[in-house]
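The file query_3.pdb contains PDB, C-alpha atoms and all ligand atoms:
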ATOM      1  CA  MET A 175       9.784  24.290  46.706  1.00  0.00           C
ATOM      2  CA  LYS A 176       8.065  23.615  50.060  1.00  0.00           C
ATOM      3  CA  VAL A 177       8.731  26.146  52.785  1.00  0.00           C
ATOM      4  CA  GLY A 178       7.754  25.956  56.468  1.00  0.00           C
ATOM      5  CA  LEU A 179       7.243  29.399  57.966  1.00  0.00           C
ATOM      6  CA  PHE A 180       8.143  29.905  61.610  1.00  0.00           C
ATOM      7  CA  PHE A 181       6.722  33.234  62.815  1.00  0.00           C
ATOM      8  CA  GLY A 182       7.835  34.942  65.991  1.00  0.00           C
ATOM      9  CA  SER A 183       9.113  38.006  67.761  1.00  0.00           C
ATOM     10  CA  PHE A 184      12.534  36.329  68.238  1.00  0.00           C
ATOM     11  CA  ASN A 185      13.450  38.725  71.045  1.00  0.00           C
ATOM     12  CA  PRO A 186      15.971  37.014  70.954  1.00  0.00           C
ATOM     13  CA  ILE A 187      16.025  33.774  68.932  1.00  0.00           C
ATOM     14  CA  HIS A 188      17.030  30.828  71.162  1.00  0.00           C
ATOM     15  CA  MET A 189      17.816  27.097  71.025  1.00  0.00           C
ATOM     16  CA  GLY A 190      14.127  26.219  71.566  1.00  0.00           C
ATOM     17  CA  HIS A 191      13.264  27.909  68.250  1.00  0.00           C
ATOM     18  CA  LEU A 192      16.212  26.329  66.412  1.00  0.00           C
ATOM     19  CA  ILE A 193      15.551  22.797  67.679  1.00  0.00           C
ATOM     20  CA  ILE A 194      11.894  23.027  66.614  1.00  0.00           C
ATOM     21  CA  ALA A 195      12.794  24.432  63.180  1.00  0.00           C
ATOM     22  CA  ASN A 196      15.283  21.628  62.616  1.00  0.00           C
ATOM     23  CA  ILE A 197      12.875  18.890  63.722  1.00  0.00           C
ATOM     24  CA  ALA A 198      10.088  20.351  61.538  1.00  0.00           C
ATOM     25  CA  HIS A 199      12.490  20.306  58.583  1.00  0.00           C
ATOM     26  CA  GLN A 200      13.643  16.744  59.315  1.00  0.00           C
ATOM     27  CA  SER A 201      10.232  15.208  59.941  1.00  0.00           C
ATOM     28  CA  THR A 202       8.270  16.700  57.003  1.00  0.00           C
ATOM     29  CA  ASP A 203       8.827  17.140  53.276  1.00  0.00           C
ATOM     30  CA  MET A 204       9.634  20.863  53.597  1.00  0.00           C
ATOM     31  CA  ASP A 205      12.802  21.934  51.793  1.00  0.00           C
ATOM     32  CA  GLU A 206      13.469  25.050  53.863  1.00  0.00           C
ATOM     33  CA  VAL A 207      12.352  26.778  57.044  1.00  0.00           C
ATOM     34  CA  TRP A 208      12.007  30.558  56.997  1.00  0.00           C
ATOM     35  CA  PHE A 209      12.059  32.504  60.250  1.00  0.00           C
ATOM     36  CA  VAL A 210       9.648  35.418  59.823  1.00  0.00           C
ATOM     37  CA  VAL A 211      10.463  38.185  62.309  1.00  0.00           C
ATOM     38  CA  SER A 212       7.200  39.837  63.426  1.00  0.00           C
ATOM     39  CA  PRO A 213       7.679  43.508  64.399  1.00  0.00           C
ATOM     40  CA  GLN A 214       4.564  43.427  66.603  1.00  0.00           C
ATOM     41  CA  ASN A 215       2.699  40.270  67.613  1.00  0.00           C
ATOM     42  CA  PRO A 216      -1.081  41.035  67.810  1.00  0.00           C
ATOM     43  CA  PHE A 217      -1.346  39.278  71.199  1.00  0.00           C
ATOM     44  CA  LYS A 218       1.784  40.608  72.952  1.00  0.00           C
ATOM     45  CA  LYS A 219       2.812  43.901  74.579  1.00  0.00           C
ATOM     46  CA  ASN A 220       5.941  45.471  73.125  1.00  0.00           C
ATOM     47  CA  ASN A 221       7.770  45.976  76.433  1.00  0.00           C
ATOM     48  CA  ASN A 222      11.492  45.209  76.150  1.00  0.00           C
ATOM     49  CA  LEU A 223      11.174  44.553  72.444  1.00  0.00           C
ATOM     50  CA  LEU A 224      14.433  45.185  70.581  1.00  0.00           C
ATOM     51  CA  HIS A 225      14.190  47.043  67.297  1.00  0.00           C
ATOM     52  CA  GLU A 226      13.202  44.579  64.573  1.00  0.00           C
ATOM     53  CA  PHE A 227      16.519  45.140  62.723  1.00  0.00           C
ATOM     54  CA  ASP A 228      18.434  43.938  65.794  1.00  0.00           C
ATOM     55  CA  ARG A 229      16.175  40.894  66.156  1.00  0.00           C
ATOM     56  CA  TYR A 230      16.607  40.149  62.450  1.00  0.00           C
ATOM     57  CA  ASN A 231      20.402  40.373  62.762  1.00  0.00           C
ATOM     58  CA  LEU A 232      20.371  37.962  65.706  1.00  0.00           C
ATOM     59  CA  VAL A 233      18.327  35.423  63.702  1.00  0.00           C
ATOM     60  CA  GLN A 234      20.740  35.796  60.818  1.00  0.00           C
ATOM     61  CA  ALA A 235      23.702  35.181  63.132  1.00  0.00           C
ATOM     62  CA  ALA A 236      21.966  32.076  64.526  1.00  0.00           C
ATOM     63  CA  ILE A 237      21.241  30.422  61.172  1.00  0.00           C
ATOM     64  CA  ALA A 238      24.217  31.544  59.073  1.00  0.00           C
ATOM     65  CA  ASP A 239      25.687  28.001  58.877  1.00  0.00           C
ATOM     66  CA  ASP A 240      22.446  26.232  57.969  1.00  0.00           C
ATOM     67  CA  PHE A 241      21.516  26.435  54.297  1.00  0.00           C
ATOM     68  CA  HIS A 242      18.031  25.013  54.990  1.00  0.00           C
ATOM     69  CA  PHE A 243      17.156  28.070  57.077  1.00  0.00           C
ATOM     70  CA  ARG A 244      16.402  31.646  56.003  1.00  0.00           C
ATOM     71  CA  VAL A 245      15.215  34.783  57.761  1.00  0.00           C
ATOM     72  CA  SER A 246      12.498  37.043  56.368  1.00  0.00           C
ATOM     73  CA  ASP A 247      11.812  40.724  56.985  1.00  0.00           C
ATOM     74  CA  VAL A 248       8.598  40.694  54.923  1.00  0.00           C
ATOM     75  CA  GLU A 249       6.509  42.028  57.839  1.00  0.00           C
ATOM     76  CA  PHE A 250       8.721  45.098  58.389  1.00  0.00           C
ATOM     77  CA  ASN A 251       6.955  47.027  55.646  1.00  0.00           C
ATOM     78  CA  MET A 252       3.462  45.804  56.455  1.00  0.00           C
ATOM     79  CA  PRO A 253       0.794  47.307  58.746  1.00  0.00           C
ATOM     80  CA  ARG A 254       1.064  46.521  62.480  1.00  0.00           C
ATOM     81  CA  PRO A 255       0.195  44.437  64.378  1.00  0.00           C
ATOM     82  CA  SER A 256       1.353  41.663  62.111  1.00  0.00           C
ATOM     83  CA  TYR A 257      -1.472  39.360  61.008  1.00  0.00           C
ATOM     84  CA  THR A 258      -0.169  36.085  59.641  1.00  0.00           C
ATOM     85  CA  VAL A 259      -2.858  35.654  56.966  1.00  0.00           C
ATOM     86  CA  ASP A 260      -1.864  39.004  55.409  1.00  0.00           C
ATOM     87  CA  THR A 261       1.799  38.025  55.408  1.00  0.00           C
ATOM     88  CA  LEU A 262       0.977  34.704  53.746  1.00  0.00           C
ATOM     89  CA  ALA A 263      -0.843  36.592  50.970  1.00  0.00           C
ATOM     90  CA  VAL A 264       2.198  38.819  50.365  1.00  0.00           C
ATOM     91  CA  LEU A 265       4.596  35.861  50.332  1.00  0.00           C
ATOM     92  CA  SER A 266       2.374  33.873  47.955  1.00  0.00           C
ATOM     93  CA  ASP A 267       2.268  36.800  45.512  1.00  0.00           C
ATOM     94  CA  LYS A 268       6.008  37.191  45.633  1.00  0.00           C
ATOM     95  CA  TYR A 269       7.127  33.543  45.484  1.00  0.00           C
ATOM     96  CA  ASP A 270       6.023  30.419  43.675  1.00  0.00           C
ATOM     97  CA  HIS A 271       6.599  28.242  46.767  1.00  0.00           C
ATOM     98  CA  GLU A 272       4.239  25.995  48.728  1.00  0.00           C
ATOM     99  CA  PHE A 273       4.022  27.539  52.203  1.00  0.00           C
ATOM    100  CA  SER A 274       2.896  25.978  55.475  1.00  0.00           C
ATOM    101  CA  LEU A 275       3.001  27.282  59.036  1.00  0.00           C
ATOM    102  CA  ILE A 276       4.973  25.774  61.913  1.00  0.00           C
ATOM    103  CA  ILE A 277       3.109  26.369  65.184  1.00  0.00           C
ATOM    104  CA  GLY A 278       3.056  25.016  68.736  1.00  0.00           C
ATOM    105  CA  GLY A 279       0.122  23.187  70.318  1.00  0.00           C
ATOM    106  CA  ASP A 280      -0.537  26.318  72.430  1.00  0.00           C
ATOM    107  CA  ASN A 281      -1.163  28.289  69.246  1.00  0.00           C
ATOM    108  CA  LEU A 282      -3.407  25.537  67.892  1.00  0.00           C
ATOM    109  CA  GLU A 283      -5.590  25.982  71.006  1.00  0.00           C
ATOM    110  CA  SER A 284      -6.058  29.695  70.224  1.00  0.00           C
ATOM    111  CA  PHE A 285      -5.869  29.349  66.458  1.00  0.00           C
ATOM    112  CA  LYS A 286      -9.579  30.002  65.929  1.00  0.00           C
ATOM    113  CA  LYS A 287      -8.986  33.554  67.253  1.00  0.00           C
ATOM    114  CA  TRP A 288      -6.447  34.321  64.539  1.00  0.00           C
ATOM    115  CA  LYS A 289      -7.537  36.569  61.693  1.00  0.00           C
ATOM    116  CA  ASN A 290      -9.120  34.444  58.889  1.00  0.00           C
ATOM    117  CA  TYR A 291      -7.786  31.220  60.366  1.00  0.00           C
ATOM    118  CA  GLN A 292      -9.852  29.141  57.929  1.00  0.00           C
ATOM    119  CA  VAL A 293      -7.936  30.642  54.995  1.00  0.00           C
ATOM    120  CA  ILE A 294      -4.625  29.701  56.630  1.00  0.00           C
ATOM    121  CA  LEU A 295      -5.898  26.187  57.260  1.00  0.00           C
ATOM    122  CA  GLU A 296      -7.398  25.542  53.821  1.00  0.00           C
ATOM    123  CA  GLU A 297      -4.853  27.294  51.621  1.00  0.00           C
ATOM    124  CA  PHE A 298      -1.601  26.709  53.494  1.00  0.00           C
ATOM    125  CA  GLY A 299      -1.806  24.123  56.285  1.00  0.00           C
ATOM    126  CA  LEU A 300      -0.105  23.694  59.629  1.00  0.00           C
ATOM    127  CA  VAL A 301       2.747  21.662  61.055  1.00  0.00           C
ATOM    128  CA  VAL A 302       2.047  21.417  64.786  1.00  0.00           C
ATOM    129  CA  TYR A 303       4.523  20.456  67.527  1.00  0.00           C
ATOM    130  CA  PRO A 304       3.678  19.782  71.207  1.00  0.00           C
ATOM    131  CA  ARG A 305       4.048  22.542  73.818  1.00  0.00           C
ATOM    132  CA  PRO A 306       3.971  22.062  77.621  1.00  0.00           C
ATOM    133  CA  SER A 307       0.495  22.292  79.188  1.00  0.00           C
ATOM    134  CA  SER A 308      -1.333  22.457  75.877  1.00  0.00           C
ATOM    135  CA  SER A 309      -3.412  19.703  74.335  1.00  0.00           C
ATOM    136  CA  LEU A 310      -4.409  19.120  70.738  1.00  0.00           C
ATOM    137  CA  ASN A 311      -7.923  20.213  69.771  1.00  0.00           C
ATOM    138  CA  GLU A 312     -10.149  18.977  66.930  1.00  0.00           C
ATOM    139  CA  LEU A 313      -8.177  21.058  64.404  1.00  0.00           C
ATOM    140  CA  ALA A 314      -5.414  18.443  64.714  1.00  0.00           C
ATOM    141  CA  ASP A 315      -7.628  16.042  62.699  1.00  0.00           C
ATOM    142  CA  HIS A 316      -7.915  18.443  59.753  1.00  0.00           C
ATOM    143  CA  PRO A 317      -6.310  16.983  56.576  1.00  0.00           C
ATOM    144  CA  ASN A 318      -4.027  20.036  56.236  1.00  0.00           C
ATOM    145  CA  VAL A 319      -2.652  19.668  59.769  1.00  0.00           C
ATOM    146  CA  GLN A 320       0.408  17.506  60.388  1.00  0.00           C
ATOM    147  CA  VAL A 321       1.341  16.822  64.004  1.00  0.00           C
ATOM    148  CA  ILE A 322       5.037  16.113  64.579  1.00  0.00           C
ATOM    149  CA  GLU A 323       6.925  14.708  67.556  1.00  0.00           C
ATOM    150  CA  ALA A 324       9.315  17.123  69.226  1.00  0.00           C
ATOM    151  CA  PRO A 325      10.813  17.584  72.695  1.00  0.00           C
ATOM    152  CA  GLU A 326       9.057  20.033  74.997  1.00  0.00           C
ATOM    153  CA  MET A 327      11.590  22.625  76.176  1.00  0.00           C
ATOM    154  CA  ASP A 328      10.961  25.200  78.824  1.00  0.00           C
ATOM    155  CA  ILE A 329      13.243  27.827  77.228  1.00  0.00           C
ATOM    156  CA  SER A 330      11.843  31.274  76.499  1.00  0.00           C
ATOM    157  CA  ALA A 331      13.092  34.628  75.306  1.00  0.00           C
ATOM    158  CA  THR A 332      11.648  36.065  78.532  1.00  0.00           C
ATOM    159  CA  LEU A 333      13.991  33.883  80.640  1.00  0.00           C
ATOM    160  CA  ILE A 334      16.966  34.820  78.459  1.00  0.00           C
ATOM    161  CA  ARG A 335      16.270  38.571  78.763  1.00  0.00           C
ATOM    162  CA  LYS A 336      15.939  38.177  82.538  1.00  0.00           C
ATOM    163  CA  MET A 337      19.276  36.347  82.790  1.00  0.00           C
ATOM    164  CA  ILE A 338      21.052  38.980  80.686  1.00  0.00           C
ATOM    165  CA  ARG A 339      19.679  41.753  82.894  1.00  0.00           C
ATOM    166  CA  ALA A 340      21.019  39.836  85.923  1.00  0.00           C
ATOM    167  CA  ASP A 341      24.469  39.584  84.259  1.00  0.00           C
ATOM    168  CA  GLN A 342      24.179  35.793  83.940  1.00  0.00           C
ATOM    169  CA  SER A 343      25.616  33.873  81.010  1.00  0.00           C
ATOM    170  CA  VAL A 344      23.115  32.582  78.446  1.00  0.00           C
ATOM    171  CA  LYS A 345      25.649  30.126  77.025  1.00  0.00           C
ATOM    172  CA  TYR A 346      23.923  27.014  75.519  1.00  0.00           C
ATOM    173  CA  LEU A 347      20.521  28.746  75.603  1.00  0.00           C
ATOM    174  CA  VAL A 348      21.374  30.709  72.454  1.00  0.00           C
ATOM    175  CA  PRO A 349      23.946  29.948  69.714  1.00  0.00           C
ATOM    176  CA  GLU A 350      27.429  31.381  70.356  1.00  0.00           C
ATOM    177  CA  PRO A 351      27.256  34.065  67.620  1.00  0.00           C
ATOM    178  CA  VAL A 352      23.977  35.299  69.128  1.00  0.00           C
ATOM    179  CA  GLU A 353      25.497  35.523  72.600  1.00  0.00           C
ATOM    180  CA  ALA A 354      28.540  37.335  71.146  1.00  0.00           C
ATOM    181  CA  GLN A 355      26.359  39.865  69.321  1.00  0.00           C
ATOM    182  CA  ILE A 356      24.219  40.502  72.415  1.00  0.00           C
ATOM    183  CA  ARG A 357      27.362  41.140  74.471  1.00  0.00           C
ATOM    184  CA  ALA A 358      29.094  43.286  71.862  1.00  0.00           C
ATOM    185  CA  GLN A 359      26.062  45.536  71.414  1.00  0.00           C
ATOM    186  CA  ASN A 360      25.019  45.438  75.058  1.00  0.00           C
ATOM    187  CA  LEU A 361      21.484  44.397  74.090  1.00  0.00           C
ATOM    188  CA  PHE A 362      18.618  43.809  76.583  1.00  0.00           C
ATOM    189  CA  LYS A 363      20.325  45.800  79.347  1.00  0.00           C
TER     190      LYS A 363
HETATM  191  N1  LIG A 401      11.036  26.579  73.975  1.00  0.00           N
HETATM  192  C1  LIG A 401      10.237  26.579  72.912  1.00  0.00           C
HETATM  193  N2  LIG A 401       9.869  25.414  72.346  1.00  0.00           N
HETATM  194  C2  LIG A 401       9.048  25.405  71.284  1.00  0.00           C
HETATM  195  N3  LIG A 401       8.509  26.501  70.725  1.00  0.00           N
HETATM  196  C3  LIG A 401       8.829  27.681  71.232  1.00  0.00           C
HETATM  197  C4  LIG A 401       9.711  27.799  72.346  1.00  0.00           C
HETATM  198  N4  LIG A 401       9.834  29.101  72.648  1.00  0.00           N
HETATM  199  C5  LIG A 401       9.069  29.771  71.760  1.00  0.00           C
HETATM  200  N5  LIG A 401       8.454  28.940  70.920  1.00  0.00           N
HETATM  201  C6  LIG A 401       7.528  29.274  69.838  1.00  0.00           C
HETATM  202  O1  LIG A 401       8.241  29.985  68.850  1.00  0.00           O
HETATM  203  C7  LIG A 401       7.424  30.996  68.232  1.00  0.00           C
HETATM  204  C8  LIG A 401       8.086  32.326  68.342  1.00  0.00           C
HETATM  205  O2  LIG A 401       8.270  32.578  69.710  1.00  0.00           O
HETATM  206  P1  LIG A 401       8.577  33.980  70.348  1.00  0.00           P
HETATM  207  O3  LIG A 401       9.483  34.732  69.452  1.00  0.00           O
HETATM  208  O4  LIG A 401       7.335  34.616  70.813  1.00  0.00           O
HETATM  209  O5  LIG A 401       9.498  33.425  71.573  1.00  0.00           O
HETATM  210  P2  LIG A 401       9.239  33.239  73.110  1.00  0.00           P
HETATM  211  O6  LIG A 401      10.458  32.569  73.636  1.00  0.00           O
HETATM  212  O7  LIG A 401       7.924  32.557  73.382  1.00  0.00           O
HETATM  213  O8  LIG A 401       9.194  34.767  73.564  1.00  0.00           O
HETATM  214  P3  LIG A 401       8.752  35.535  74.903  1.00  0.00           P
HETATM  215  O9  LIG A 401       9.322  34.749  76.066  1.00  0.00           O
HETATM  216  O10 LIG A 401       9.368  36.878  74.718  1.00  0.00           O
HETATM  217  O11 LIG A 401       7.239  35.571  74.912  1.00  0.00           O
HETATM  218  C9  LIG A 401       6.092  30.951  68.996  1.00  0.00           C
HETATM  219  O12 LIG A 401       5.167  30.259  68.204  1.00  0.00           O
HETATM  220  C10 LIG A 401       6.417  30.208  70.274  1.00  0.00           C
HETATM  221  O13 LIG A 401       5.293  29.478  70.745  1.00  0.00           O
HETATM  222  O1  LIG A 402      -2.678  36.543  62.573  1.00  0.00           O
HETATM  223  C1  LIG A 402      -3.067  36.493  63.745  1.00  0.00           C
HETATM  224  O2  LIG A 402      -4.248  36.770  64.069  1.00  0.00           O
HETATM  225  C2  LIG A 402      -2.071  36.100  64.815  1.00  0.00           C
HETATM  226  C3  LIG A 402      -2.451  35.956  66.149  1.00  0.00           C
HETATM  227  C4  LIG A 402      -1.484  35.574  67.086  1.00  0.00           C
HETATM  228  C5  LIG A 402      -0.165  35.351  66.692  1.00  0.00           C
HETATM  229  N1  LIG A 402       0.176  35.493  65.392  1.00  0.00           N
HETATM  230  C6  LIG A 402       1.579  35.305  64.958  1.00  0.00           C
HETATM  231  O3  LIG A 402       2.103  34.086  65.426  1.00  0.00           O
HETATM  232  C7  LIG A 402       3.463  34.229  65.773  1.00  0.00           C
HETATM  233  C8  LIG A 402       3.778  33.532  67.065  1.00  0.00           C
HETATM  234  O4  LIG A 402       2.929  34.020  68.069  1.00  0.00           O
HETATM  235  P1  LIG A 402       3.229  33.792  69.624  1.00  0.00           P
HETATM  236  O5  LIG A 402       2.067  34.434  70.318  1.00  0.00           O
HETATM  237  O6  LIG A 402       3.279  32.337  69.872  1.00  0.00           O
HETATM  238  O7  LIG A 402       4.516  34.454  69.890  1.00  0.00           O
HETATM  239  C9  LIG A 402       3.739  35.737  65.782  1.00  0.00           C
HETATM  240  O8  LIG A 402       4.615  36.028  64.757  1.00  0.00           O
HETATM  241  C10 LIG A 402       2.411  36.398  65.552  1.00  0.00           C
HETATM  242  O9  LIG A 402       2.483  37.509  64.660  1.00  0.00           O
HETATM  243  C11 LIG A 402      -0.746  35.862  64.466  1.00  0.00           C
END
Spit out the file's structure as structure tokens when you get a sec.
Amino acid sequence: MKVGLFFGSFNPIHMGHLIIANIAHQSTDMDEVWFVVSPQNPFKKNNNLLHEFDRYNLVQAAIADDFHFRVSDVEFNMPRPSYTVDTLAVLSDKYDHEFSLIIGGDNLESFKKWKNYQVILEEFGLVVYPRPSSSLNELADHPNVQVIEAPEMDISATLIRKMIRADQSVKYLVPEPVEAQIRAQNLFK
């Protein structure tokens, strides 16, 4: 089976993530997309970061109706910060699937700074979608890189957290079950 891995903090998951995951699934030969919740991104501060179990539960609520999507907690028991190449090694040992990575053009620009990026490129491959104010570099011409067309959406988890703190509704920015869970548990306040 071919699996596209979408890594992120998902603090919280939002429609931007879900639209990209769906388009990546529709426009490639991947059978499933797995959302891999990273406890601690190597490049981000952990201010306002919900516990990873809460973030995991929100992803699960968001994708419950879509049998092409799964959520993974593989990084929860791994050293932090979470380096993607190490996670790929663990997943490859555990499963007999063909994995690739779904990343935005912004991450392609900084991809050469990722730990052992050549291993990711040669052994797994990338599906790249456009992000605002980022352009494709020479890595886009690599045979293991597939560039897909996708809308550029200025939605971020940062905006959503800010709106929740200001008591504004985040309807349509996140799926309804995610909004319900955030309200019920009073998250991000
Ligand atoms: N609106 C969006 N459109 C496309 N990709 C997105 C969007 N928002 C986030 N992503 C991508 O999804 C992956 C996971 O994102 P992450 O969980 O860091 O969300 P975020 O919204 O960027 O969070 P934050 O605002 O807290 O930094 C990253 O590779 C990120 O570039
Ligand atoms: O492995 C690395 O060196 C590495 C460097 C930067 C980011 N990542 C992973 O990429 C994912 C998305 O990153 P970001 O910065 O776009 O939120 C996140 O899950 C990180 O763990 C991984």
Skipping near chain neighbours, those fewer than 2 positions away, what residues fall within 12 Å of Val319 in chain A using all atoms listed in the file, listed as a short mmCIF file (atom, residue, chain, number, x, y, z; two decimals) with C-alpha atoms, in the frame of the given file?
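The result, stored in part-v8.cif:
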data_model
loop_
_atom_site.label_atom_id
_atom_site.label_comp_id
_atom_site.auth_asym_id
_atom_site.auth_seq_id
_atom_site.Cartn_x
_atom_site.Cartn_y
_atom_site.Cartn_z
CA THR A 202 8.27 16.70 57.00
CA SER A 274 2.90 25.98 55.48
CA LEU A 275 3.00 27.28 59.04
CA ILE A 276 4.97 25.77 61.91
CA ILE A 277 3.11 26.37 65.18
CA GLY A 278 3.06 25.02 68.74
CA GLY A 279 0.12 23.19 70.32
CA LEU A 282 -3.41 25.54 67.89
CA ILE A 294 -4.62 29.70 56.63
CA LEU A 295 -5.90 26.19 57.26
CA GLU A 296 -7.40 25.54 53.82
CA GLU A 297 -4.85 27.29 51.62
CA PHE A 298 -1.60 26.71 53.49
CA GLY A 299 -1.81 24.12 56.28
CA LEU A 300 -0.10 23.69 59.63
CA VAL A 301 2.75 21.66 61.06
CA VAL A 302 2.05 21.42 64.79
CA TYR A 303 4.52 20.46 67.53
CA LEU A 310 -4.41 19.12 70.74
CA ASN A 311 -7.92 20.21 69.77
CA GLU A 312 -10.15 18.98 66.93
CA LEU A 313 -8.18 21.06 64.40
CA ALA A 314 -5.41 18.44 64.71
CA ASP A 315 -7.63 16.04 62.70
CA HIS A 316 -7.92 18.44 59.75
CA PRO A 317 -6.31 16.98 56.58
CA VAL A 321 1.34 16.82 64.00
CA ILE A 322 5.04 16.11 64.58
#
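Closest approach to Ser308 in chain A among A:Glu283, A:Asp328, A:Tyr291, A:Asn196: A:Glu283, based on all atoms listed in the file.
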Picked residues, the PyMOL selection byres (((not hetatm)) within 10 of (chain A and resi 401)), expected as a short mmCIF file (atom, residue, chain, number, x, y, z; two decimals) with C-alpha atoms, in the coordinates of the input:
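Final output, saved to selection_11.cif:
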data_model
loop_
_atom_site.label_atom_id
_atom_site.label_comp_id
_atom_site.auth_asym_id
_atom_site.auth_seq_id
_atom_site.Cartn_x
_atom_site.Cartn_y
_atom_site.Cartn_z
CA PHE A 180 8.14 29.90 61.61
CA PHE A 181 6.72 33.23 62.82
CA GLY A 182 7.84 34.94 65.99
CA SER A 183 9.11 38.01 67.76
CA PHE A 184 12.53 36.33 68.24
CA ASN A 185 13.45 38.72 71.04
CA PRO A 186 15.97 37.01 70.95
CA ILE A 187 16.02 33.77 68.93
CA HIS A 188 17.03 30.83 71.16
CA MET A 189 17.82 27.10 71.03
CA GLY A 190 14.13 26.22 71.57
CA HIS A 191 13.26 27.91 68.25
CA LEU A 192 16.21 26.33 66.41
CA ILE A 193 15.55 22.80 67.68
CA ILE A 194 11.89 23.03 66.61
CA ALA A 195 12.79 24.43 63.18
CA PHE A 209 12.06 32.50 60.25
CA VAL A 210 9.65 35.42 59.82
CA VAL A 211 10.46 38.18 62.31
CA SER A 212 7.20 39.84 63.43
CA ASN A 215 2.70 40.27 67.61
CA PHE A 217 -1.35 39.28 71.20
CA LYS A 218 1.78 40.61 72.95
CA LYS A 219 2.81 43.90 74.58
CA ASN A 220 5.94 45.47 73.12
CA ASN A 221 7.77 45.98 76.43
CA ASN A 222 11.49 45.21 76.15
CA LEU A 223 11.17 44.55 72.44
CA ARG A 229 16.18 40.89 66.16
CA LEU A 275 3.00 27.28 59.04
CA ILE A 276 4.97 25.77 61.91
CA ILE A 277 3.11 26.37 65.18
CA GLY A 278 3.06 25.02 68.74
CA GLY A 279 0.12 23.19 70.32
CA ASP A 280 -0.54 26.32 72.43
CA ASN A 281 -1.16 28.29 69.25
CA LEU A 282 -3.41 25.54 67.89
CA VAL A 302 2.05 21.42 64.79
CA TYR A 303 4.52 20.46 67.53
CA PRO A 304 3.68 19.78 71.21
CA ARG A 305 4.05 22.54 73.82
CA PRO A 306 3.97 22.06 77.62
CA ALA A 324 9.32 17.12 69.23
CA PRO A 325 10.81 17.58 72.69
CA GLU A 326 9.06 20.03 75.00
CA MET A 327 11.59 22.62 76.18
CA ASP A 328 10.96 25.20 78.82
CA ILE A 329 13.24 27.83 77.23
CA SER A 330 11.84 31.27 76.50
CA ALA A 331 13.09 34.63 75.31
CA THR A 332 11.65 36.06 78.53
CA LEU A 333 13.99 33.88 80.64
CA ILE A 334 16.97 34.82 78.46
CA ARG A 335 16.27 38.57 78.76
CA LYS A 336 15.94 38.18 82.54
CA LEU A 347 20.52 28.75 75.60
#
Give me the box for ligand LIG 402 (chain A) as lines of an AutoDock Vina configuration file, namely the centre and edge lengths in Å to one decimal of a box along x, y and z that holds every listed atom plus 5 Å on each side.
center_x = 0.2
center_y = 34.9
center_z = 66.4
size_x = 18.9
size_y = 15.2
size_z = 17.7
| remark: As a check of understanding: the span from CA of Gln200 in chain A to CA of Ala236 in chain A is 18.2 Å
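Ranking A:Ala340, A:Val248, A:Ile356, A:Ile237 by their shortest atom-to-atom distance to ligand LIG 402 (chain A), with all atoms listed in the file included, puts A:Val248 first.
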| If I put a ball of radius 12 Å at (22.6, 28.1, 57.1) in the file's coordinates, which residues poke into it when counting all atoms listed in the file, written as a PyMOL selection string? | chain A and resi 192+196+206-209+233-245
Quick one: write out the picked residues with C-alpha atoms as an mmCIF file, in the frame of the given file?
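This is the output file selection.cif:
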data_model
loop_
_atom_site.group_PDB
_atom_site.id
_atom_site.type_symbol
_atom_site.label_atom_id
_atom_site.label_comp_id
_atom_site.auth_asym_id
_atom_site.auth_seq_id
_atom_site.Cartn_x
_atom_site.Cartn_y
_atom_site.Cartn_z
ATOM 1 C CA LEU A 192 16.212 26.329 66.412
ATOM 2 C CA ASN A 196 15.283 21.628 62.616
ATOM 3 C CA GLU A 206 13.469 25.050 53.863
ATOM 4 C CA VAL A 207 12.352 26.778 57.044
ATOM 5 C CA TRP A 208 12.007 30.558 56.997
ATOM 6 C CA PHE A 209 12.059 32.504 60.250
ATOM 7 C CA VAL A 233 18.327 35.423 63.702
ATOM 8 C CA GLN A 234 20.740 35.796 60.818
ATOM 9 C CA ALA A 235 23.702 35.181 63.132
ATOM 10 C CA ALA A 236 21.966 32.076 64.526
ATOM 11 C CA ILE A 237 21.241 30.422 61.172
ATOM 12 C CA ALA A 238 24.217 31.544 59.073
ATOM 13 C CA ASP A 239 25.687 28.001 58.877
ATOM 14 C CA ASP A 240 22.446 26.232 57.969
ATOM 15 C CA PHE A 241 21.516 26.435 54.297
ATOM 16 C CA HIS A 242 18.031 25.013 54.990
ATOM 17 C CA PHE A 243 17.156 28.070 57.077
ATOM 18 C CA ARG A 244 16.402 31.646 56.003
ATOM 19 C CA VAL A 245 15.215 34.783 57.761
#
| said: As a check of understanding, name the residues that the PyMOL selection byres (((chain A and resi 360-363) around 7) and not hetatm) selects in the supplied structure, as JSON, numbers by chain. | reply: {"A": [335, 338, 339, 356, 357, 358, 359]}
